[in-house]
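Trainee: Structure: my_file.cif, mmCIF, N, CA and C atoms.
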data_upload
loop_
_atom_site.label_atom_id
_atom_site.label_comp_id
_atom_site.auth_asym_id
_atom_site.auth_seq_id
_atom_site.Cartn_x
_atom_site.Cartn_y
_atom_site.Cartn_z
N GLN K 1 90.31 112.10 98.22
CA GLN K 1 91.01 111.55 99.36
C GLN K 1 91.71 110.26 98.95
N ALA K 2 92.65 109.83 99.80
CA ALA K 2 93.39 108.62 99.52
C ALA K 2 92.46 107.41 99.53
N GLN K 3 92.59 106.60 98.49
CA GLN K 3 91.69 105.47 98.38
C GLN K 3 92.35 104.31 97.65
N LEU K 4 92.12 103.11 98.16
CA LEU K 4 92.51 101.88 97.50
C LEU K 4 91.24 101.08 97.26
N VAL K 5 91.05 100.62 96.04
CA VAL K 5 89.84 99.87 95.70
C VAL K 5 90.23 98.55 95.07
N GLU K 6 89.81 97.45 95.71
CA GLU K 6 90.06 96.12 95.18
C GLU K 6 88.92 95.70 94.25
N SER K 7 89.26 94.82 93.34
CA SER K 7 88.25 94.20 92.48
C SER K 7 88.77 92.86 92.03
N GLY K 8 87.84 92.04 91.50
CA GLY K 8 88.24 90.77 90.92
C GLY K 8 87.92 89.55 91.76
N GLY K 9 87.40 89.75 92.95
CA GLY K 9 87.05 88.59 93.76
C GLY K 9 85.85 87.86 93.20
N GLY K 10 85.57 86.69 93.76
CA GLY K 10 84.43 85.92 93.30
C GLY K 10 84.46 84.51 93.81
N LEU K 11 83.58 83.70 93.25
CA LEU K 11 83.44 82.29 93.60
C LEU K 11 84.05 81.45 92.49
N VAL K 12 85.02 80.63 92.84
CA VAL K 12 85.67 79.75 91.87
C VAL K 12 85.79 78.36 92.45
N GLN K 13 86.17 77.42 91.62
CA GLN K 13 86.37 76.05 92.08
C GLN K 13 87.85 75.82 92.38
N ALA K 14 88.11 74.84 93.20
CA ALA K 14 89.49 74.48 93.52
C ALA K 14 90.24 74.16 92.22
N GLY K 15 91.46 74.69 92.14
CA GLY K 15 92.27 74.50 90.95
C GLY K 15 92.16 75.64 89.95
N ASP K 16 91.16 76.48 90.10
CA ASP K 16 90.96 77.60 89.18
C ASP K 16 91.94 78.73 89.48
N SER K 17 91.91 79.72 88.61
CA SER K 17 92.73 80.93 88.78
C SER K 17 91.83 82.14 88.90
N LEU K 18 92.39 83.19 89.50
CA LEU K 18 91.66 84.43 89.69
C LEU K 18 92.68 85.55 89.79
N ARG K 19 92.35 86.72 89.27
CA ARG K 19 93.25 87.86 89.39
C ARG K 19 92.55 88.99 90.14
N LEU K 20 93.16 89.42 91.20
CA LEU K 20 92.68 90.57 91.95
C LEU K 20 93.42 91.82 91.50
N SER K 21 92.72 92.94 91.52
CA SER K 21 93.32 94.23 91.21
C SER K 21 93.10 95.19 92.37
N CYS K 22 94.00 96.13 92.50
CA CYS K 22 93.89 97.16 93.52
C CYS K 22 94.31 98.48 92.88
N THR K 23 93.40 99.40 92.78
CA THR K 23 93.68 100.68 92.13
C THR K 23 93.71 101.79 93.16
N ALA K 24 94.75 102.60 93.09
CA ALA K 24 94.93 103.69 94.04
C ALA K 24 94.53 105.02 93.43
N SER K 25 93.96 105.88 94.26
CA SER K 25 93.66 107.25 93.85
C SER K 25 93.91 108.16 95.04
N GLY K 26 94.22 109.42 94.72
CA GLY K 26 94.49 110.37 95.79
C GLY K 26 95.78 110.10 96.53
N LEU K 27 96.65 109.25 95.95
CA LEU K 27 97.92 108.86 96.55
C LEU K 27 99.02 108.98 95.52
N THR K 28 100.25 109.15 96.01
CA THR K 28 101.40 109.02 95.12
C THR K 28 101.80 107.56 95.13
N PHE K 29 101.33 106.83 94.13
CA PHE K 29 101.45 105.36 94.13
C PHE K 29 102.89 104.91 94.21
N THR K 30 103.79 105.63 93.56
CA THR K 30 105.19 105.23 93.56
C THR K 30 105.90 105.53 94.87
N ALA K 31 105.21 106.17 95.79
CA ALA K 31 105.78 106.40 97.12
C ALA K 31 105.40 105.30 98.10
N LEU K 32 104.69 104.27 97.58
CA LEU K 32 104.18 103.21 98.43
C LEU K 32 104.71 101.85 98.04
N GLY K 33 105.13 101.07 99.04
CA GLY K 33 105.19 99.64 98.86
C GLY K 33 103.76 99.14 99.02
N MET K 34 103.46 98.01 98.40
CA MET K 34 102.09 97.52 98.42
C MET K 34 102.05 96.08 98.90
N GLY K 35 100.94 95.72 99.51
CA GLY K 35 100.80 94.35 99.99
C GLY K 35 99.38 93.84 99.86
N TRP K 36 99.27 92.54 99.91
CA TRP K 36 97.97 91.85 99.97
C TRP K 36 97.91 91.10 101.29
N PHE K 37 96.79 91.21 101.96
CA PHE K 37 96.51 90.47 103.17
C PHE K 37 95.17 89.78 103.00
N ARG K 38 94.91 88.79 103.84
CA ARG K 38 93.61 88.13 103.80
C ARG K 38 93.13 87.84 105.21
N GLN K 39 91.83 87.70 105.31
CA GLN K 39 91.23 87.50 106.63
C GLN K 39 90.00 86.63 106.50
N THR K 40 89.88 85.68 107.44
CA THR K 40 88.69 84.85 107.56
C THR K 40 88.01 85.20 108.88
N PRO K 41 86.72 84.89 108.98
CA PRO K 41 85.96 85.28 110.18
C PRO K 41 86.59 84.78 111.46
N GLY K 42 86.73 85.69 112.41
CA GLY K 42 87.26 85.32 113.72
C GLY K 42 88.76 85.22 113.79
N LYS K 43 89.43 85.49 112.68
CA LYS K 43 90.90 85.39 112.67
C LYS K 43 91.52 86.73 112.31
N GLU K 44 92.81 86.84 112.62
CA GLU K 44 93.53 88.07 112.29
C GLU K 44 93.83 88.13 110.80
N ARG K 45 94.04 89.35 110.37
CA ARG K 45 94.44 89.56 108.99
C ARG K 45 95.88 89.06 108.82
N THR K 46 96.13 88.26 107.78
CA THR K 46 97.45 87.68 107.60
C THR K 46 98.07 88.09 106.27
N PHE K 47 99.36 88.14 106.27
CA PHE K 47 100.14 88.55 105.11
C PHE K 47 100.03 87.52 104.00
N VAL K 48 99.90 88.01 102.77
CA VAL K 48 99.87 87.13 101.60
C VAL K 48 101.08 87.41 100.70
N ALA K 49 101.25 88.69 100.32
CA ALA K 49 102.33 89.04 99.41
C ALA K 49 102.60 90.54 99.50
N ALA K 50 103.80 90.93 99.10
CA ALA K 50 104.16 92.35 99.09
C ALA K 50 105.07 92.62 97.91
N ILE K 51 105.07 93.89 97.49
CA ILE K 51 105.91 94.31 96.37
C ILE K 51 106.45 95.70 96.68
N SER K 52 107.70 95.93 96.30
CA SER K 52 108.32 97.22 96.55
C SER K 52 107.73 98.30 95.64
N TRP K 53 108.07 99.53 95.90
CA TRP K 53 107.48 100.63 95.13
C TRP K 53 107.79 100.52 93.64
N SER K 54 108.97 100.02 93.32
CA SER K 54 109.38 99.92 91.92
C SER K 54 109.01 98.59 91.30
N GLY K 55 108.64 97.64 92.13
CA GLY K 55 108.32 96.31 91.62
C GLY K 55 109.51 95.38 91.52
N ASP K 56 110.69 95.84 91.95
CA ASP K 56 111.87 95.00 91.80
C ASP K 56 112.03 93.98 92.92
N MET K 57 111.25 94.11 93.97
CA MET K 57 111.28 93.14 95.07
C MET K 57 109.87 92.67 95.35
N SER K 58 109.74 91.37 95.62
CA SER K 58 108.46 90.81 95.99
C SER K 58 108.68 89.71 97.03
N ALA K 59 107.64 89.45 97.79
CA ALA K 59 107.73 88.44 98.84
C ALA K 59 106.37 87.80 99.01
N TYR K 60 106.38 86.54 99.48
CA TYR K 60 105.14 85.78 99.60
C TYR K 60 105.10 85.00 100.91
N ALA K 61 103.89 84.80 101.39
CA ALA K 61 103.71 83.85 102.49
C ALA K 61 103.99 82.45 101.96
N ASP K 62 104.50 81.60 102.83
CA ASP K 62 104.82 80.23 102.40
C ASP K 62 103.61 79.51 101.82
N SER K 63 102.44 79.81 102.35
CA SER K 63 101.22 79.10 101.94
C SER K 63 100.81 79.41 100.49
N VAL K 64 101.33 80.50 99.93
CA VAL K 64 100.93 80.86 98.56
C VAL K 64 102.10 80.87 97.58
N LYS K 65 103.29 80.65 98.09
CA LYS K 65 104.49 80.71 97.25
C LYS K 65 104.38 79.68 96.14
N GLY K 66 104.67 80.13 94.93
CA GLY K 66 104.59 79.25 93.77
C GLY K 66 103.21 79.20 93.13
N ARG K 67 102.20 79.72 93.81
CA ARG K 67 100.84 79.73 93.26
C ARG K 67 100.34 81.14 92.98
N PHE K 68 100.79 82.09 93.77
CA PHE K 68 100.34 83.48 93.63
C PHE K 68 101.49 84.34 93.10
N THR K 69 101.15 85.35 92.31
CA THR K 69 102.14 86.30 91.81
C THR K 69 101.63 87.71 91.99
N ILE K 70 102.43 88.53 92.65
CA ILE K 70 102.09 89.93 92.85
C ILE K 70 102.83 90.77 91.81
N SER K 71 102.16 91.80 91.32
CA SER K 71 102.78 92.69 90.35
C SER K 71 102.13 94.06 90.47
N ARG K 72 102.72 95.04 89.82
CA ARG K 72 102.14 96.38 89.83
C ARG K 72 102.45 97.08 88.52
N ASP K 73 101.57 98.00 88.17
CA ASP K 73 101.74 98.84 87.00
C ASP K 73 101.64 100.28 87.48
N ASN K 74 102.78 100.90 87.68
CA ASN K 74 102.78 102.24 88.26
C ASN K 74 102.14 103.28 87.32
N ALA K 75 102.16 103.02 86.04
CA ALA K 75 101.53 103.94 85.10
C ALA K 75 100.01 103.93 85.26
N LYS K 76 99.48 102.83 85.79
CA LYS K 76 98.04 102.71 85.98
C LYS K 76 97.63 102.81 87.45
N ASN K 77 98.60 103.06 88.32
CA ASN K 77 98.32 103.13 89.76
C ASN K 77 97.60 101.87 90.24
N THR K 78 98.02 100.74 89.74
CA THR K 78 97.31 99.49 90.01
C THR K 78 98.28 98.38 90.37
N MET K 79 97.85 97.59 91.35
CA MET K 79 98.58 96.40 91.77
C MET K 79 97.70 95.18 91.49
N TYR K 80 98.34 94.04 91.27
CA TYR K 80 97.60 92.83 90.94
C TYR K 80 98.05 91.67 91.84
N LEU K 81 97.16 90.71 91.98
CA LEU K 81 97.51 89.45 92.59
C LEU K 81 96.93 88.35 91.71
N GLN K 82 97.80 87.68 90.98
CA GLN K 82 97.39 86.56 90.16
C GLN K 82 97.43 85.31 91.01
N MET K 83 96.28 84.67 91.17
CA MET K 83 96.17 83.49 92.03
C MET K 83 95.86 82.29 91.16
N SER K 84 96.67 81.27 91.30
CA SER K 84 96.49 80.05 90.52
C SER K 84 96.41 78.86 91.46
N SER K 85 95.94 77.74 90.92
CA SER K 85 95.82 76.51 91.72
C SER K 85 95.16 76.79 93.06
N LEU K 86 94.06 77.48 93.00
CA LEU K 86 93.40 77.90 94.23
C LEU K 86 92.89 76.70 95.02
N LYS K 87 92.95 76.85 96.34
CA LYS K 87 92.52 75.82 97.27
C LYS K 87 91.40 76.37 98.15
N ALA K 88 90.65 75.47 98.75
CA ALA K 88 89.56 75.89 99.63
C ALA K 88 90.09 76.78 100.76
N GLU K 89 91.28 76.49 101.22
CA GLU K 89 91.86 77.28 102.32
C GLU K 89 92.30 78.67 101.91
N ASP K 90 92.22 78.99 100.63
CA ASP K 90 92.48 80.36 100.17
C ASP K 90 91.24 81.24 100.32
N THR K 91 90.12 80.64 100.67
CA THR K 91 88.90 81.40 100.87
C THR K 91 89.08 82.43 101.98
N ALA K 92 88.80 83.69 101.65
CA ALA K 92 89.00 84.79 102.61
C ALA K 92 88.56 86.09 101.96
N VAL K 93 88.52 87.12 102.77
CA VAL K 93 88.42 88.48 102.25
C VAL K 93 89.85 88.96 102.03
N TYR K 94 90.13 89.42 100.83
CA TYR K 94 91.47 89.88 100.47
C TYR K 94 91.50 91.40 100.48
N TYR K 95 92.52 91.92 101.16
CA TYR K 95 92.69 93.37 101.29
C TYR K 95 94.00 93.79 100.64
N CYS K 96 93.97 94.90 99.92
CA CYS K 96 95.23 95.49 99.49
C CYS K 96 95.58 96.61 100.46
N ALA K 97 96.87 96.86 100.57
CA ALA K 97 97.34 97.84 101.53
C ALA K 97 98.59 98.54 101.01
N GLY K 98 98.78 99.77 101.45
CA GLY K 98 99.94 100.55 101.05
C GLY K 98 100.76 100.97 102.25
N ILE K 99 102.07 100.84 102.11
CA ILE K 99 103.00 101.22 103.17
C ILE K 99 103.92 102.31 102.63
N LYS K 100 104.04 103.39 103.35
CA LYS K 100 104.92 104.47 102.91
C LYS K 100 106.33 103.93 102.78
N TRP K 101 106.96 104.26 101.63
CA TRP K 101 108.25 103.64 101.35
C TRP K 101 109.37 104.39 102.05
N LEU K 102 109.93 103.74 103.06
CA LEU K 102 111.09 104.23 103.79
C LEU K 102 112.17 103.16 103.75
N SER K 103 113.33 103.47 104.29
CA SER K 103 114.41 102.48 104.27
C SER K 103 114.06 101.23 105.06
N THR K 104 113.16 101.37 106.01
CA THR K 104 112.80 100.24 106.87
C THR K 104 111.54 99.52 106.39
N SER K 105 110.92 100.00 105.33
CA SER K 105 109.61 99.48 104.94
C SER K 105 109.66 98.01 104.55
N TRP K 106 110.65 97.62 103.78
CA TRP K 106 110.67 96.24 103.31
C TRP K 106 110.78 95.26 104.46
N GLY K 107 111.51 95.63 105.48
CA GLY K 107 111.64 94.76 106.64
C GLY K 107 110.36 94.61 107.43
N ARG K 108 109.41 95.48 107.21
CA ARG K 108 108.14 95.44 107.94
C ARG K 108 106.99 95.01 107.04
N ARG K 109 107.29 94.44 105.91
CA ARG K 109 106.27 94.17 104.88
C ARG K 109 105.20 93.19 105.34
N GLU K 110 105.48 92.31 106.29
CA GLU K 110 104.51 91.29 106.69
C GLU K 110 103.65 91.75 107.86
N GLN K 111 103.90 92.95 108.37
CA GLN K 111 103.18 93.44 109.54
C GLN K 111 102.03 94.34 109.11
N ALA K 112 100.82 93.90 109.34
CA ALA K 112 99.65 94.68 108.91
C ALA K 112 99.65 96.07 109.54
N ARG K 113 100.11 96.19 110.75
CA ARG K 113 100.08 97.48 111.45
C ARG K 113 101.03 98.49 110.81
N SER K 114 101.92 98.05 109.95
CA SER K 114 102.85 98.97 109.29
C SER K 114 102.22 99.68 108.10
N TYR K 115 101.10 99.21 107.63
CA TYR K 115 100.45 99.75 106.44
C TYR K 115 99.48 100.86 106.82
N ALA K 116 99.61 102.00 106.14
CA ALA K 116 98.78 103.17 106.46
C ALA K 116 97.49 103.21 105.66
N TYR K 117 97.48 102.56 104.53
CA TYR K 117 96.33 102.65 103.62
C TYR K 117 95.79 101.26 103.36
N TRP K 118 94.44 101.17 103.37
CA TRP K 118 93.77 99.88 103.18
C TRP K 118 92.58 100.03 102.26
N GLY K 119 92.35 99.00 101.47
CA GLY K 119 91.13 98.91 100.69
C GLY K 119 90.00 98.33 101.52
N GLN K 120 88.84 98.22 100.90
CA GLN K 120 87.65 97.74 101.62
C GLN K 120 87.55 96.22 101.63
N GLY K 121 88.36 95.56 100.81
CA GLY K 121 88.35 94.11 100.77
C GLY K 121 87.49 93.56 99.66
N THR K 122 87.88 92.40 99.17
CA THR K 122 87.10 91.69 98.17
C THR K 122 87.07 90.21 98.54
N GLN K 123 85.89 89.61 98.44
CA GLN K 123 85.71 88.22 98.88
C GLN K 123 86.18 87.26 97.80
N VAL K 124 86.98 86.29 98.20
CA VAL K 124 87.37 85.18 97.34
C VAL K 124 86.88 83.90 98.01
N THR K 125 86.07 83.15 97.29
CA THR K 125 85.56 81.90 97.80
C THR K 125 85.94 80.78 96.84
N VAL K 126 86.61 79.77 97.38
CA VAL K 126 87.05 78.64 96.58
C VAL K 126 86.29 77.41 97.05
N SER K 127 85.51 76.84 96.17
CA SER K 127 84.74 75.65 96.52
C SER K 127 85.55 74.40 96.18
N SER K 128 85.47 73.43 97.05
CA SER K 128 86.25 72.19 96.83
C SER K 128 85.39 71.10 96.22
#
Show how you would write the structure in this file as structure tokens.
Mentor:
Amino acid sequence: QAQLVESGGGLVQAGDSLRLSCTASGLTFTALGMGWFRQTPGKERTFVAAISWSGDMSAYADSVKGRFTISRDNAKNTMYLQMSSLKAEDTAVYYCAGIKWLSTSWGRREQARSYAYWGQGTQVTVSS
């Protein structure tokens, strides 16, 4: 069945770096735009970054721009989020998500409800 599995979360100190991975199975990975979202207790899931199916387009939330880098390796069915200069406010559960690639997909990249596929989440905790 279709599955997205995140890995790479953990406990780090402020200023450290961390790389998250998201591996897809049971899906045609190149038919999906991909995104990262994060969520803290009691709050809605918020957009972090997105990448087009080919990797030629990427976008970031203002809060992570310049610190986080999204990438994908279609040969490995895997997407990454390289996080640098981590801050305490980056602490959250991080989810990867897949959006079926249509002409309108990129315009909806920041909307969680547009994504059909979700991973189970991985915890990132940044201590200050």
Trainee: Once you count only N, CA and C atoms, what closest atom pair and distance in Å to one decimal does each residue of segment 31-86 of chain K within 8 Å of segment 107-128 of chain K have, with rows by chain and rising residue number, as JSON lines?
Mentor:
{"residue": "K:Met34", "atom": "C", "partner": "K:Arg109", "partner_atom": "CA", "distance": 7.6}
{"residue": "K:Gly35", "atom": "CA", "partner": "K:Arg109", "partner_atom": "C", "distance": 7.0}
{"residue": "K:Phe37", "atom": "CA", "partner": "K:Ala112", "partner_atom": "CA", "distance": 7.8}
{"residue": "K:Arg45", "atom": "C", "partner": "K:Ala112", "partner_atom": "CA", "distance": 6.8}
{"residue": "K:Thr46", "atom": "C", "partner": "K:Glu110", "partner_atom": "C", "distance": 6.9}
{"residue": "K:Phe47", "atom": "CA", "partner": "K:Glu110", "partner_atom": "CA", "distance": 5.4}
{"residue": "K:Val48", "atom": "N", "partner": "K:Glu110", "partner_atom": "CA", "distance": 6.9}
{"residue": "K:Ala49", "atom": "C", "partner": "K:Arg109", "partner_atom": "C", "distance": 6.9}
{"residue": "K:Ala50", "atom": "CA", "partner": "K:Arg109", "partner_atom": "C", "distance": 6.4}
{"residue": "K:Ile51", "atom": "N", "partner": "K:Arg109", "partner_atom": "CA", "distance": 7.5}
{"residue": "K:Leu86", "atom": "C", "partner": "K:Val126", "partner_atom": "CA", "distance": 6.3}
Trainee: Would you please work out which residue, of K:Ser52, K:Ser84, K:Ser63, K:Thr23, is nearest to Val5 of chain K when using all atoms listed in the file?
Mentor: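 Checking each of K:Ser52, K:Ser84, K:Ser63, K:Thr23 against Val5 of chain K, counting all atoms listed in the file, the winner is K:Thr23.
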Trainee: Could you go through segment 45-112 of chain K and tell me which residues DSSP, when run on the backbone, assigns to helix (DSSP H, G or I), listing them as a ChimeraX atom specification?
Mentor: /K:74-76,88-90,106-108,112
Trainee: Name the residues that the PyMOL selection byres (((chain K and resi 29 and name CA) around 9) and name CA) picks from the file above, as a PDB file with N, CA and C atoms, in the frame of the given file, using the file's chain letters and numbers.
Mentor:
ATOM      1  N   ALA K  24      94.750 102.600  93.090  1.00  0.00           N
ATOM      2  CA  ALA K  24      94.930 103.690  94.040  1.00  0.00           C
ATOM      3  C   ALA K  24      94.530 105.020  93.430  1.00  0.00           C
ATOM      4  N   SER K  25      93.960 105.880  94.260  1.00  0.00           N
ATOM      5  CA  SER K  25      93.660 107.250  93.850  1.00  0.00           C
ATOM      6  C   SER K  25      93.910 108.160  95.040  1.00  0.00           C
ATOM      7  N   GLY K  26      94.220 109.420  94.720  1.00  0.00           N
ATOM      8  CA  GLY K  26      94.490 110.370  95.790  1.00  0.00           C
ATOM      9  C   GLY K  26      95.780 110.100  96.530  1.00  0.00           C
ATOM     10  N   LEU K  27      96.650 109.250  95.950  1.00  0.00           N
ATOM     11  CA  LEU K  27      97.920 108.860  96.550  1.00  0.00           C
ATOM     12  C   LEU K  27      99.020 108.980  95.520  1.00  0.00           C
ATOM     13  N   THR K  28     100.250 109.150  96.010  1.00  0.00           N
ATOM     14  CA  THR K  28     101.400 109.020  95.120  1.00  0.00           C
ATOM     15  C   THR K  28     101.800 107.560  95.130  1.00  0.00           C
ATOM     16  N   THR K  30     103.790 105.630  93.560  1.00  0.00           N
ATOM     17  CA  THR K  30     105.190 105.230  93.560  1.00  0.00           C
ATOM     18  C   THR K  30     105.900 105.530  94.870  1.00  0.00           C
ATOM     19  N   ALA K  31     105.210 106.170  95.790  1.00  0.00           N
ATOM     20  CA  ALA K  31     105.780 106.400  97.120  1.00  0.00           C
ATOM     21  C   ALA K  31     105.400 105.300  98.100  1.00  0.00           C
ATOM     22  N   LEU K  32     104.690 104.270  97.580  1.00  0.00           N
ATOM     23  CA  LEU K  32     104.180 103.210  98.430  1.00  0.00           C
ATOM     24  C   LEU K  32     104.710 101.850  98.040  1.00  0.00           C
ATOM     25  N   GLY K  33     105.130 101.070  99.040  1.00  0.00           N
ATOM     26  CA  GLY K  33     105.190  99.640  98.860  1.00  0.00           C
ATOM     27  C   GLY K  33     103.760  99.140  99.020  1.00  0.00           C
ATOM     28  N   MET K  34     103.460  98.010  98.400  1.00  0.00           N
ATOM     29  CA  MET K  34     102.090  97.520  98.420  1.00  0.00           C
ATOM     30  C   MET K  34     102.050  96.080  98.900  1.00  0.00           C
ATOM     31  N   TRP K  53     108.070  99.530  95.900  1.00  0.00           N
ATOM     32  CA  TRP K  53     107.480 100.630  95.130  1.00  0.00           C
ATOM     33  C   TRP K  53     107.790 100.520  93.640  1.00  0.00           C
ATOM     34  N   ASN K  74     102.780 100.900  87.680  1.00  0.00           N
ATOM     35  CA  ASN K  74     102.780 102.240  88.260  1.00  0.00           C
ATOM     36  C   ASN K  74     102.140 103.280  87.320  1.00  0.00           C
ATOM     37  N   ASN K  77      98.600 103.060  88.320  1.00  0.00           N
ATOM     38  CA  ASN K  77      98.320 103.130  89.760  1.00  0.00           C
ATOM     39  C   ASN K  77      97.600 101.870  90.240  1.00  0.00           C
ATOM     40  N   THR K  78      98.020 100.740  89.740  1.00  0.00           N
ATOM     41  CA  THR K  78      97.310  99.490  90.010  1.00  0.00           C
ATOM     42  C   THR K  78      98.280  98.380  90.370  1.00  0.00           C
ATOM     43  N   GLY K  98      98.780  99.770 101.450  1.00  0.00           N
ATOM     44  CA  GLY K  98      99.940 100.550 101.050  1.00  0.00           C
ATOM     45  C   GLY K  98     100.760 100.970 102.250  1.00  0.00           C
TER      46      GLY K  98
END
Trainee: Here is a test: counting all atoms listed in the file, which residue of K:Pro41, K:Leu18, K:Ala2, K:Leu11 is nearest to Ala92 of chain K?
Mentor: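 Comparing K:Pro41, K:Leu18, K:Ala2, K:Leu11 against Ala92 of chain K, the winner is K:Pro41.
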Trainee: Please evaluate the PyMOL selection byres (((chain K and resi 69 and name CA) around 12) and name CA) against the displayed coordinates and give the resulting residues as a PyMOL selection string.
Mentor: chain K and resi 17-21+35-36+48-51+55+57-61+64-68+70-72+79-85
Trainee: Between K:Thr104, K:Val93, K:Ile99, K:Lys76, which is the closest to Glu44 of chain K once you count only C-alpha atoms?
Mentor: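 With only C-alpha atoms as the atom set, the closest residue is K:Val93.
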Trainee: Enumerate as a list in words all residues of segment 8-45 of chain K assigned to strand (DSSP E or B) by DSSP on the backbone, naming them with the chain letters and numbers the document uses.
Mentor: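 Secondary structure check on segment 8-45 of chain K, strand (DSSP E or B): Gly10, Leu11, Val12, Gln13, Leu18, Arg19, Leu20, Ser21, Cys22, Thr23, Ala24, Ser25, Leu32, Gly33, Met34, Gly35, Trp36, Phe37, Arg38 and Gln39 of chain K.
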Trainee: Record the distance separating atom CA of Leu4 of chain K and atom C of Tyr95 of chain K, expressed in Å with one decimal.
Mentor: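 Straight-line distance from atom CA of Leu4 of chain K to atom C of Tyr95 of chain K works out to 8.8 Å.
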Trainee: Given all atoms listed in the file as the basis, pick out the residue of K:Ala75, K:Cys96, K:Val12, K:Ala88 nearest to Arg38 of chain K.
Mentor: K:Cys96
Trainee: I'd like to know which of K:Thr91, K:Asp62, K:Gly8, K:Gln1 is closest to Gln39 of chain K, using only N, CA and C atoms.
Mentor: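 Ranked by minimum distance to Gln39 of chain K, first place goes to K:Thr91.
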Trainee: Between atom C of Lys43 of chain K and atom N of Ser7 of chain K, what is the distance in Å, rounded to a tenth?
Mentor: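 Distance between the two atoms: 20.7 Å.
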Trainee: Of the candidates K:Trp106, K:Ser54, K:Tyr94, K:Thr40, which one gets nearest to Cys22 of chain K if we count only C-alpha atoms?
Mentor: K:Tyr94
Trainee: Report, in Å with one decimal, the straight-line distance from atom CA of Glu89 of chain K to atom CA of Asp56 of chain K.
Mentor: 28.7 Å
